[in-house]
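Here's start.cif, which has mmCIF, C-alpha atoms:
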data_start
#
loop_
_atom_site.label_atom_id
_atom_site.label_comp_id
_atom_site.auth_asym_id
_atom_site.auth_seq_id
_atom_site.Cartn_x
_atom_site.Cartn_y
_atom_site.Cartn_z
CA MET A 1 -8.89 8.54 33.49
CA GLN A 2 -5.54 7.51 34.98
CA MET A 3 -5.37 4.32 32.96
CA ILE A 4 -1.63 3.69 33.08
CA SER A 5 -1.52 3.26 36.85
CA LYS A 6 -4.44 0.83 36.68
CA ILE A 7 -2.79 -1.21 33.97
CA LEU A 8 0.53 -1.52 35.76
CA GLY A 9 -1.24 -2.52 38.95
CA LEU A 10 -3.13 -5.34 37.25
CA VAL A 11 -0.38 -7.14 35.38
CA ILE A 12 -0.45 -10.14 37.69
CA LEU A 13 -4.15 -10.71 37.04
CA LEU A 14 -3.60 -11.40 33.36
CA PRO A 15 -2.63 -14.80 31.94
CA LEU A 16 0.97 -14.61 30.84
CA LEU A 17 1.95 -18.26 30.48
CA SER A 18 0.52 -21.44 29.03
CA VAL A 19 -2.54 -22.81 30.83
CA SER A 20 -2.59 -26.23 32.51
CA GLN A 21 -6.20 -27.13 31.64
CA THR A 22 -8.09 -27.86 28.45
CA VAL A 23 -10.45 -25.41 26.80
CA ASP A 24 -13.27 -26.29 24.43
CA ILE A 25 -14.17 -23.81 21.69
CA LYS A 26 -17.71 -24.59 20.56
CA VAL A 27 -18.93 -22.92 17.38
CA ASN A 28 -22.54 -22.79 16.21
CA VAL A 29 -23.07 -21.13 12.82
CA LEU A 30 -26.77 -21.05 11.99
CA GLN A 31 -27.70 -21.93 8.39
CA SER A 32 -24.16 -23.00 7.61
CA VAL A 33 -23.57 -25.86 5.19
CA ALA A 34 -19.78 -25.81 5.57
CA ASN A 35 -18.13 -29.21 5.93
CA GLU A 36 -15.07 -27.91 7.79
CA ALA A 37 -13.97 -25.24 10.25
CA LYS A 38 -10.39 -24.24 10.96
CA LEU A 39 -8.74 -22.76 14.03
CA TYR A 40 -5.71 -20.48 13.74
CA ARG A 41 -3.47 -19.01 16.42
CA TYR A 42 -1.80 -15.68 15.72
CA HIS A 43 1.98 -15.79 15.75
CA ARG A 44 3.91 -12.56 15.17
CA GLY A 45 0.79 -11.02 13.72
CA GLU A 46 0.07 -13.82 11.24
CA PRO A 47 -2.54 -16.60 11.68
CA GLN A 48 -1.11 -20.12 11.81
CA LEU A 49 -3.35 -23.16 11.37
CA ILE A 50 -3.43 -25.37 14.48
CA ASP A 51 -6.59 -27.47 14.10
CA SER A 52 -9.57 -28.31 11.91
CA SER A 53 -12.98 -29.71 12.71
CA ALA A 54 -15.77 -31.47 10.82
CA PRO A 55 -19.35 -30.61 11.87
CA SER A 56 -21.06 -32.88 14.42
CA ALA A 57 -24.35 -31.48 13.10
CA PRO A 58 -25.07 -28.78 10.50
CA GLY A 59 -23.15 -25.67 11.59
CA LEU A 60 -21.79 -27.23 14.81
CA PHE A 61 -18.01 -27.44 15.28
CA GLN A 62 -15.70 -27.96 18.24
CA PHE A 63 -12.00 -27.47 18.91
CA THR A 64 -10.21 -28.62 22.06
CA LEU A 65 -7.02 -26.91 23.16
CA GLN A 66 -4.91 -29.24 25.25
CA PRO A 67 -3.11 -28.29 28.50
CA GLY A 68 -0.19 -26.05 27.71
CA TYR A 69 -2.08 -23.95 25.17
CA LEU A 70 -1.17 -20.28 24.95
CA PRO A 71 -3.80 -17.69 25.86
CA GLY A 72 -4.31 -15.03 23.23
CA LEU A 73 -6.11 -14.11 20.05
CA TYR A 74 -7.27 -16.96 17.82
CA ARG A 75 -9.03 -16.97 14.46
CA VAL A 76 -11.95 -19.19 13.45
CA VAL A 77 -12.76 -19.82 9.79
CA VAL A 78 -15.93 -21.71 8.89
CA GLY A 79 -16.20 -22.62 5.24
CA GLN A 80 -15.25 -19.81 2.90
CA ASN A 81 -17.32 -16.91 4.18
CA VAL A 82 -17.33 -16.94 7.98
CA THR A 83 -14.22 -15.56 9.68
CA PHE A 84 -13.84 -13.96 13.11
CA ASN A 85 -11.37 -13.57 15.98
CA VAL A 86 -11.88 -15.03 19.43
CA VAL A 87 -10.06 -14.31 22.70
CA VAL A 88 -8.95 -17.46 24.53
CA SER A 89 -7.92 -16.95 28.13
CA ASP A 90 -8.46 -19.41 31.02
CA GLU A 91 -12.18 -20.11 30.52
CA PRO A 92 -12.79 -23.89 30.23
CA VAL A 93 -15.44 -23.36 27.53
CA VAL A 94 -15.77 -20.65 24.89
CA ASP A 95 -19.17 -20.85 23.22
CA ILE A 96 -19.68 -18.97 19.96
CA ASN A 97 -22.97 -18.41 18.18
CA THR A 98 -23.47 -16.56 14.91
CA VAL A 99 -25.38 -16.55 11.62
CA VAL A 100 -23.78 -17.40 8.29
CA PHE A 101 -25.17 -14.34 6.45
CA ALA A 102 -23.91 -11.78 9.00
CA PRO A 103 -21.24 -13.55 11.07
CA ASN A 104 -19.49 -10.60 12.71
CA ASP A 105 -22.65 -8.61 13.40
CA SER A 106 -24.28 -11.68 14.95
CA LEU A 107 -21.45 -12.98 17.15
CA ARG A 108 -22.70 -13.89 20.61
CA SER A 109 -21.42 -15.91 23.60
CA GLU A 110 -23.47 -16.97 26.60
CA GLY A 111 -20.54 -18.10 28.72
CA SER A 112 -17.56 -15.99 27.62
CA LEU A 113 -17.97 -12.45 28.89
CA GLY A 114 -14.57 -11.45 27.52
CA ASN A 115 -15.51 -12.34 23.98
CA GLN A 116 -18.95 -10.75 24.28
CA LEU A 117 -17.25 -7.48 25.31
CA TYR A 118 -14.58 -7.78 22.61
CA TRP A 119 -17.10 -8.36 19.81
CA GLU A 120 -19.35 -5.61 21.12
CA TYR A 121 -16.43 -3.18 20.95
CA LEU A 122 -15.51 -4.27 17.40
CA ARG A 123 -19.09 -3.76 16.22
CA TYR A 124 -19.26 -0.34 17.83
CA LYS A 125 -15.92 0.59 16.27
CA ASP A 126 -17.09 -0.47 12.81
CA ARG A 127 -20.21 1.68 13.09
CA GLN A 128 -18.25 4.72 14.27
CA ARG A 129 -15.54 4.27 11.63
CA GLN A 130 -18.13 4.10 8.85
CA GLN A 131 -19.64 7.41 9.95
CA ILE A 132 -16.20 8.99 10.29
CA TRP A 133 -15.26 7.80 6.80
CA HIS A 134 -18.34 9.46 5.29
CA ILE A 135 -17.58 12.70 7.12
CA GLN A 136 -13.95 12.67 5.99
CA SER A 137 -15.15 12.18 2.40
CA LEU A 138 -17.31 15.29 2.71
CA LEU A 139 -14.46 17.31 4.19
CA ASP A 140 -12.52 16.93 0.94
CA PHE A 141 -15.10 19.11 -0.81
CA TYR A 142 -14.90 22.14 1.52
CA PRO A 143 -12.09 24.57 2.40
CA ASP A 144 -11.23 24.57 6.10
CA SER A 145 -12.30 28.23 6.40
CA LEU A 146 -16.00 27.43 5.94
CA LEU A 147 -18.32 26.87 8.88
CA ILE A 148 -19.56 23.55 7.46
CA TYR A 149 -15.98 22.24 7.41
CA GLN A 150 -15.57 23.12 11.08
CA MET A 151 -18.92 21.50 11.94
CA LEU A 152 -18.01 18.29 10.12
CA SER A 153 -14.59 18.22 11.78
CA ALA A 154 -16.22 18.61 15.18
CA GLU A 155 -18.62 15.75 14.42
CA SER A 156 -15.77 13.49 13.32
CA TRP A 157 -13.90 14.26 16.53
CA ARG A 158 -17.04 13.61 18.60
CA LEU A 159 -17.43 10.15 17.05
CA GLN A 160 -13.77 9.34 17.76
CA GLN A 161 -14.16 10.51 21.36
CA GLU A 162 -17.34 8.44 21.78
CA LEU A 163 -15.49 5.35 20.58
CA TYR A 164 -12.62 6.00 22.97
CA ASP A 165 -15.03 6.54 25.88
CA PHE A 166 -16.83 3.31 25.01
CA ALA A 167 -13.55 1.35 25.10
CA ALA A 168 -12.49 3.06 28.31
CA SER A 169 -15.80 2.22 29.98
CA ILE A 170 -15.25 -1.47 29.26
CA PHE A 171 -11.75 -1.23 30.74
CA ASP A 172 -13.05 0.54 33.85
CA GLN A 173 -15.59 -2.23 34.48
CA TYR A 174 -13.31 -5.18 33.65
CA PRO A 175 -9.72 -3.98 34.03
CA GLY A 176 -8.19 -7.41 34.68
CA MET A 177 -9.70 -9.20 31.71
CA LEU A 178 -7.54 -10.31 28.78
CA ALA A 179 -10.13 -9.08 26.29
CA THR A 180 -9.69 -5.51 27.55
CA CYS A 181 -5.98 -5.70 26.66
CA TYR A 182 -6.97 -6.32 23.04
CA ILE A 183 -9.66 -3.64 23.13
CA MET A 184 -7.26 -0.95 24.34
CA LEU A 185 -4.63 -2.18 21.88
CA GLU A 186 -7.13 -1.65 19.04
CA GLN A 187 -8.33 1.71 20.35
CA PRO A 188 -6.21 4.73 19.30
CA PRO A 189 -6.01 7.72 21.64
CA VAL A 190 -7.85 10.98 21.00
CA VAL A 191 -6.39 14.46 21.45
CA PRO A 192 -8.29 17.77 21.86
CA LEU A 193 -10.13 19.02 18.78
CA GLU A 194 -8.32 22.36 18.77
CA LEU A 195 -4.97 20.69 18.11
CA LYS A 196 -4.09 20.65 14.43
CA GLY A 197 -1.20 19.63 12.21
CA ASP A 198 2.14 19.20 13.92
CA ALA A 199 0.71 19.97 17.37
CA GLN A 200 -1.80 17.15 16.94
CA ARG A 201 0.92 14.76 15.76
CA LYS A 202 3.16 15.50 18.75
CA ALA A 203 0.27 15.18 21.19
CA LEU A 204 -0.61 11.76 19.78
CA LEU A 205 3.03 10.67 20.05
CA ASP A 206 3.02 11.55 23.75
CA ILE A 207 0.02 9.33 24.55
CA TRP A 208 0.14 6.69 21.79
CA TRP A 209 1.14 3.86 24.14
CA ARG A 210 -0.49 5.23 27.31
CA ASP A 211 -3.47 2.85 27.37
CA VAL A 212 -1.68 -0.23 26.02
CA ASN A 213 -0.59 -2.84 28.55
CA LEU A 214 2.80 -3.81 27.11
CA ASN A 215 3.28 -6.18 30.04
CA CYS A 216 0.42 -8.33 28.76
CA LEU A 217 2.30 -11.13 27.00
CA PRO A 218 -0.64 -12.46 24.92
CA ILE A 219 -0.78 -9.24 22.87
CA ALA A 220 2.75 -9.94 21.58
CA HIS A 221 1.45 -11.96 18.63
CA SER A 222 -1.64 -9.92 17.90
CA PRO A 223 -1.82 -8.16 14.50
CA GLY A 224 -3.10 -5.19 16.49
CA LEU A 225 0.33 -4.75 18.09
CA ILE A 226 2.04 -4.49 14.69
CA ARG A 227 -0.62 -2.04 13.45
CA ARG A 228 -0.12 0.03 16.59
CA LEU A 229 3.65 0.02 16.06
CA TRP A 230 3.44 1.29 12.47
CA GLY A 231 0.84 3.87 13.46
CA TYR A 232 3.40 5.15 15.97
CA ILE A 233 6.18 5.16 13.38
CA GLU A 234 3.97 7.13 10.96
CA LEU A 235 3.52 9.75 13.68
CA LEU A 236 7.31 10.12 13.80
CA ILE A 237 7.38 11.35 10.19
CA ASP A 238 8.21 15.06 10.00
CA GLU A 239 8.07 16.75 6.59
CA ASN A 240 10.49 19.43 7.78
CA LEU A 241 13.35 16.94 8.03
CA ASP A 242 15.74 15.61 5.44
CA LYS A 243 16.20 11.86 4.98
CA GLU A 244 19.04 11.43 7.46
CA GLU A 245 17.38 13.57 10.14
CA GLN A 246 14.20 11.57 9.67
CA GLY A 247 16.14 8.34 10.10
CA GLN A 248 17.55 9.59 13.40
CA VAL A 249 14.06 10.58 14.57
CA PHE A 250 12.93 7.03 13.80
CA ILE A 251 15.83 5.64 15.82
CA ASP A 252 15.19 7.95 18.79
CA GLY A 253 11.42 7.38 18.79
CA ILE A 254 11.63 3.60 18.47
CA THR A 255 14.37 3.47 21.12
CA SER A 256 12.07 5.42 23.44
CA LEU A 257 9.36 2.81 22.84
CA LEU A 258 11.64 -0.20 23.30
CA THR A 259 12.98 1.12 26.60
CA MET A 260 9.49 1.41 28.11
CA GLU A 261 8.45 -1.08 30.77
CA MET A 262 7.10 -4.13 28.92
CA ASP A 263 7.24 -7.90 28.79
CA PRO A 264 10.58 -8.99 27.27
CA ASN A 265 8.77 -11.09 24.66
CA VAL A 266 6.71 -8.09 23.55
CA ARG A 267 9.95 -6.12 23.21
CA VAL A 268 11.44 -8.82 20.98
CA ILE A 269 8.37 -8.85 18.73
CA LEU A 270 8.43 -5.05 18.39
CA ARG A 271 12.17 -4.93 17.66
CA ASP A 272 11.96 -7.70 15.07
CA ALA A 273 8.99 -6.04 13.36
CA VAL A 274 10.93 -2.77 13.15
CA VAL A 275 13.97 -4.46 11.63
CA GLU A 276 11.92 -6.44 9.11
CA GLY A 277 9.85 -3.42 8.13
CA MET A 278 12.76 -1.00 7.80
CA LEU A 279 14.73 -3.48 5.69
CA GLY A 280 11.89 -3.19 3.21
CA THR A 281 12.33 0.59 2.99
CA ASP A 282 15.26 2.83 2.16
CA TYR A 283 15.85 3.45 5.88
CA TYR A 284 18.19 0.51 6.27
CA GLU A 285 20.40 2.51 8.65
CA VAL A 286 17.46 2.31 11.07
CA ALA A 287 17.23 -1.46 10.58
CA GLU A 288 20.99 -1.75 11.05
CA PHE A 289 20.86 0.20 14.31
CA PHE A 290 18.30 -2.15 15.84
CA GLN A 291 20.08 -5.19 14.42
CA THR A 292 23.36 -4.27 16.07
CA SER A 293 22.36 -2.44 19.27
CA ALA A 294 21.61 -3.93 22.66
CA LEU A 295 18.52 -2.31 24.20
CA ALA A 296 17.16 -3.24 27.60
CA ASP A 297 17.04 -7.07 27.56
CA LEU A 298 17.44 -7.28 23.77
CA ARG A 299 20.53 -8.88 22.33
CA PRO A 300 21.90 -7.64 18.98
CA LEU A 301 20.72 -9.69 16.02
CA VAL A 302 24.02 -9.30 14.17
CA ASP A 303 27.53 -8.14 15.00
CA GLN A 304 28.32 -4.56 13.96
CA LYS A 305 31.83 -5.69 13.00
CA GLN A 306 30.35 -8.07 10.45
CA VAL A 307 28.17 -5.28 9.07
CA ASN A 308 31.22 -3.02 8.65
CA LYS A 309 33.28 -5.79 7.01
CA ARG A 310 31.99 -5.38 3.49
CA LYS A 311 33.84 -6.94 0.61
CA LYS A 312 35.43 -5.10 -2.26
CA GLY A 313 32.89 -4.37 -4.97
CA GLU A 314 29.91 -4.22 -2.61
CA PRO A 315 27.68 -1.11 -2.78
CA ARG A 316 28.86 2.04 -1.01
CA VAL A 317 25.61 3.85 -0.39
CA ARG A 318 25.87 5.18 3.16
CA VAL A 319 26.00 8.87 3.86
CA GLY A 320 29.65 9.90 4.11
CA GLU A 321 30.90 7.20 1.76
CA THR A 322 32.21 7.88 -1.75
CA ALA A 323 29.70 6.94 -4.42
CA TYR A 324 30.52 4.84 -7.45
CA ASP A 325 32.03 6.86 -10.31
CA PHE A 326 30.57 6.13 -13.73
CA PHE A 327 30.51 7.65 -17.21
CA VAL A 328 27.87 10.30 -17.83
CA THR A 329 26.59 10.85 -21.37
CA LEU A 330 26.07 14.57 -22.02
CA GLU A 331 23.55 16.12 -24.41
CA ASP A 332 26.21 16.56 -27.11
CA GLY A 333 27.06 12.86 -26.92
CA ASN A 334 30.35 13.29 -25.05
CA ARG A 335 31.04 11.02 -22.11
CA ILE A 336 32.81 12.08 -18.95
CA LYS A 337 33.19 10.58 -15.52
CA LEU A 338 30.66 11.71 -12.92
CA SER A 339 33.55 12.94 -10.77
CA LYS A 340 34.64 15.29 -13.59
CA LEU A 341 31.20 16.88 -13.96
CA ASP A 342 31.49 20.54 -12.98
CA ALA A 343 28.85 20.86 -10.27
CA GLU A 344 28.89 21.62 -6.56
CA PHE A 345 26.07 19.15 -5.90
CA LYS A 346 25.18 16.15 -8.07
CA LEU A 347 21.83 14.40 -7.78
CA VAL A 348 21.82 10.90 -9.25
CA LEU A 349 18.18 10.06 -9.94
CA PHE A 350 17.04 6.58 -10.99
CA TRP A 351 13.52 6.39 -12.42
CA SER A 352 11.33 4.61 -14.97
CA SER A 353 8.45 5.57 -17.23
CA TRP A 354 6.24 2.82 -15.75
CA CYS A 355 6.78 3.96 -12.15
CA LYS A 356 3.71 5.97 -11.13
CA TYR A 357 5.39 7.61 -8.15
CA CYS A 358 8.37 8.57 -10.35
CA LEU A 359 6.08 10.40 -12.75
CA GLU A 360 4.14 12.06 -9.92
CA SER A 361 7.36 13.23 -8.26
CA MET A 362 9.15 14.45 -11.37
CA PRO A 363 7.52 17.93 -11.57
CA ASP A 364 8.48 18.59 -7.92
CA ILE A 365 12.06 17.42 -8.50
CA ILE A 366 12.28 19.70 -11.54
CA GLU A 367 11.07 22.59 -9.39
CA VAL A 368 13.77 21.86 -6.80
CA TYR A 369 16.35 21.72 -9.61
CA LYS A 370 15.29 25.13 -10.94
CA ASN A 371 15.46 26.63 -7.44
CA TYR A 372 18.96 25.29 -6.69
CA ARG A 373 20.61 25.20 -10.11
CA ASP A 374 22.26 28.56 -9.39
CA ASN A 375 23.66 27.06 -6.17
CA GLY A 376 25.57 24.50 -8.20
CA LEU A 377 23.07 21.64 -8.43
CA GLU A 378 23.18 19.29 -11.42
CA VAL A 379 20.89 16.31 -11.93
CA ILE A 380 21.90 13.10 -13.67
CA SER A 381 18.59 11.48 -14.53
CA ILE A 382 18.96 7.77 -15.32
CA SER A 383 15.99 5.86 -16.70
CA VAL A 384 16.01 2.10 -16.29
CA ASP A 385 13.59 1.70 -19.24
CA ASP A 386 14.25 -1.00 -21.82
CA ASP A 387 12.25 0.81 -24.50
CA GLU A 388 13.40 4.15 -25.84
CA GLU A 389 10.00 5.44 -26.97
CA PRO A 390 8.25 5.92 -23.58
CA TRP A 391 11.46 7.31 -22.08
CA ASN A 392 11.87 9.77 -24.94
CA THR A 393 8.23 10.86 -24.66
CA HIS A 394 8.56 11.71 -20.98
CA VAL A 395 11.94 13.40 -21.38
CA LYS A 396 10.57 15.69 -24.10
CA GLY A 397 7.44 16.34 -22.05
CA TYR A 398 9.35 17.36 -18.93
CA ASN A 399 12.13 19.26 -20.75
CA ALA A 400 13.95 19.51 -17.43
CA GLY A 401 17.24 20.78 -18.83
CA TRP A 402 19.39 18.41 -16.84
CA VAL A 403 21.49 15.40 -17.92
CA GLU A 404 19.25 12.65 -19.32
CA MET A 405 20.41 9.02 -19.69
CA ARG A 406 18.73 5.70 -20.40
CA GLU A 407 20.44 2.57 -19.15
CA PRO A 408 18.26 -0.57 -19.44
CA PHE A 409 18.24 -2.33 -16.10
CA LEU A 410 20.53 -5.31 -15.66
CA ILE A 411 20.87 -6.61 -12.12
CA GLU A 412 24.54 -7.47 -12.70
CA ALA A 413 25.41 -4.06 -14.21
CA SER A 414 28.00 -2.20 -12.10
CA LEU A 415 25.95 1.01 -12.10
CA TYR A 416 22.89 -0.61 -10.58
CA ARG A 417 24.81 -2.95 -8.32
CA MET A 418 27.01 -0.24 -6.83
CA TYR A 419 24.06 2.08 -6.20
CA ASP A 420 21.99 -0.82 -4.84
CA VAL A 421 19.11 -0.08 -7.21
CA HIS A 422 16.26 -2.56 -6.87
CA GLU A 423 13.34 -0.17 -7.22
CA THR A 424 12.53 3.30 -8.54
CA PRO A 425 12.66 6.13 -7.81
CA LYS A 426 15.98 6.26 -6.00
CA MET A 427 18.04 9.39 -5.37
CA PHE A 428 21.57 10.11 -4.17
CA LEU A 429 22.70 13.66 -3.45
CA LEU A 430 26.48 13.84 -3.87
CA SER A 431 29.13 16.49 -3.32
CA ARG A 432 31.57 17.59 -6.00
CA ASP A 433 33.97 14.79 -4.98
CA LEU A 434 31.10 12.21 -4.91
CA THR A 435 30.75 12.04 -1.14
CA ILE A 436 27.18 10.92 -0.41
CA LEU A 437 25.44 13.81 1.35
CA SER A 438 21.91 12.42 1.48
CA ARG A 439 19.63 9.70 0.10
CA PRO A 440 16.29 11.54 -0.08
CA ASN A 441 13.13 9.50 -0.47
CA ASN A 442 11.06 12.30 -1.96
CA PRO A 443 11.34 15.83 -3.38
CA ARG A 444 10.53 17.39 -0.01
CA GLN A 445 13.48 15.71 1.70
CA LEU A 446 15.72 16.71 -1.20
CA GLU A 447 14.63 20.33 -0.93
CA VAL A 448 15.16 20.42 2.85
CA ARG A 449 18.69 19.03 2.51
CA LEU A 450 19.65 21.42 -0.30
CA ARG A 451 18.28 24.41 1.56
CA ARG A 452 20.59 23.62 4.48
CA LEU A 453 23.59 22.92 2.28
CA ALA A 454 23.11 26.16 0.35
CA ARG A 455 23.16 28.37 3.45
#

Can you give me the file's structure in the form of structure tokens?
Amino acid sequence: MQMISKILGLVILLPLLSVSQTVDIKVNVLQSVANEAKLYRYHRGEPQLIDSSAPSAPGLFQFTLQPGYLPGLYRVVVGQNVTFNVVVSDEPVVDINTVVFAPNDSLRSEGSLGNQLYWEYLRYKDRQRQQIWHIQSLLDFYPDSLLIYQMLSAESWRLQQELYDFAASIFDQYPGMLATCYIMLEQPPVVPLELKGDAQRKALLDIWWRDVNLNCLPIAHSPGLIRRLWGYIELLIDENLDKEEQGQVFIDGITSLLTMEMDPNVRVILRDAVVEGMLGTDYYEVAEFFQTSALADLRPLVDQKQVNKRKKGEPRVRVGETAYDFFVTLEDGNRIKLSKLDAEFKLVLFWSSWCKYCLESMPDIIEVYKNYRDNGLEVISISVDDDEEPWNTHVKGYNAGWVEMREPFLIEASLYRMYDVHETPKMFLLSRDLTILSRPNNPRQLEVRLRRLAR
């Protein structure tokens, strides 16, 4: 199915601007005793309340959107238990019928074909996903060499392909309908069953946006667009890369997306979601790139000169910068500056005894340390614990053989401020002279970076 050519050819058929007529959304929830219904419009992926309605009769509610309303995905909430999405395009009336005890399974519309198709797809997807989930649960019990594993994998793939074909059949019949934009946005692509691992990941990357009409403005605010974006970013993750290489892959992949043909407003939403999301991770160099770079019709959010103009005493945590020098307490009680520690590579590791991921990662970090200790690696393990007992218990249990310190966390403390520590774990791989070589997020990225440095 050559879907991309069809999509591009049908952009003008889709509602892209506000509509100059009113639209009535009539809701009938059988057996409902709710005394209020609310209507939300999605904005940047989040529902925003725009209207409420009291029942004209038990279970009967109505909302009227005035001229100038924006077509797109809306959310209806009746009472506390009935919630569903509705597609509002240019139909003068959207009638909705359902039952209070099974609202999503019972959604029907006599006059809105778009919504009938959209809800039918969602129901079909839920049924397929439930079956796939059960199969994936069974797969965990069998090695991939067994015939039953291969049979279950084939059945899971068949269900995914059926779902894709079902969505594609709706698009083929109603290619110019707004509802089909949302259906194809929700529907992930499927690659051949024989592709596994990295080959599967790369194949999905190639076609991830193929069936999505990025010129359809109403999808800009749909939560499905943000889910699709982060699904794409997850596909960019490569376990064979170190932290900095991974960051560059994120930049390249997201740049490739943002330079595709799309509505300018969709591009803004995608860029802003990337920046906001990356600022919440340790990949802030990725956020900074998209904050300061002009791409297509996107203006920079901030000036790169302002980013570079950091004041004295602010953290220096970028790769290539010199890390903060602090006193290290050795096993014999002596204290020396980190810069004076005799090691070719110095890993500063911040962790805590109450951090589950820290404890899960520690055995792998210890293994990396043992493998690269002879190459000049030393680890300065700094616990942020307030209490000595749990820290001491874990230190004795691990018996890593590296430098162990406990420095109760104080947000104003120079150590934590200069290393920008707000969460654990956090790692900095430094050279002998404290130049930051890498900021690995996990033991795998640390091992990849050390393997390359030790060549």

I'd like to see the residues matched by the PyMOL selection byres ((chain A and resi 63) around 6) on this file, and ideally I'd get them as an MDAnalysis selection string.
chainID A and resid 24:25 62 64

Which is closest to Ala220 in chain A among A:Asn104, A:Thr22, A:Thr255, A:Asn265, if we use all atoms listed in the file?
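Once distances to Ala220 in chain A are computed over all atoms listed in the file, the minimum belongs to A:Asn265.
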
Given all atoms listed in the file as the basis, pick out the residue of A:Leu453, A:Val317, A:Ile365, A:Leu338 nearest to Phe428 in chain A.
A:Val317

Smallest atom-to-atom distance to Asp272 in chain A: which of A:Gly45, A:Phe409, A:Phe166, A:Gln128, using only C-alpha atoms?
A:Gly45

With a distance cut-off of 10 Å and only C-alpha atoms, select the neighbouring residues of Glu404 in chain A, excluding the residue or stretch itself and same-chain residues fewer than 2 positions from it, and output the selection as a JSON list (two decimals) with C-alpha atoms, in the frame of the given file.
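The file below, result-v7.json, is the result:
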[["chain", "number", "residue", "atom", "x", "y", "z"],
["A", 328, "VAL", "CA", 27.87, 10.30, -17.83],
["A", 329, "THR", "CA", 26.59, 10.85, -21.37],
["A", 330, "LEU", "CA", 26.07, 14.57, -22.02],
["A", 331, "GLU", "CA", 23.55, 16.12, -24.41],
["A", 349, "LEU", "CA", 18.18, 10.06, -9.94],
["A", 379, "VAL", "CA", 20.89, 16.31, -11.93],
["A", 380, "ILE", "CA", 21.90, 13.10, -13.67],
["A", 381, "SER", "CA", 18.59, 11.48, -14.53],
["A", 382, "ILE", "CA", 18.96, 7.77, -15.32],
["A", 383, "SER", "CA", 15.99, 5.86, -16.70],
["A", 391, "TRP", "CA", 11.46, 7.31, -22.08],
["A", 392, "ASN", "CA", 11.87, 9.77, -24.94],
["A", 395, "VAL", "CA", 11.94, 13.40, -21.38],
["A", 399, "ASN", "CA", 12.13, 19.26, -20.75],
["A", 400, "ALA", "CA", 13.95, 19.51, -17.43],
["A", 401, "GLY", "CA", 17.24, 20.78, -18.83],
["A", 402, "TRP", "CA", 19.39, 18.41, -16.84],
["A", 406, "ARG", "CA", 18.73, 5.70, -20.40]]

Box for range 64-81 of chain A: with edges along x, y and z, all listed atoms inside and 5 Å added on each side, what are the centre and edge lengths in Å to one decimal, as JSON?
{"center_x": -8.8, "center_y": -21.7, "center_z": 15.7, "size_x": 27.1, "size_y": 25.1, "size_z": 35.6}

Counting all atoms listed in the file, which of A:Asp386, A:Asp297, A:Glu344, A:Asp263 gets nearest to Pro218 in chain A?
A:Asp263

Given the file shown, enumerate the residues that the PyMOL selection byres ((chain A and resi 124-127) around 12) captures and present them as an MDAnalysis selection string.
chainID A and resid 104:105 117:123 128:134 159:167 183:184 186:188

From the set A:Pro300, A:Gly280, A:Pro143, A:Gly72, which residue has the shortest atom-to-atom contact distance to Pro223 in chain A, counting only C-alpha atoms?
A:Gly72
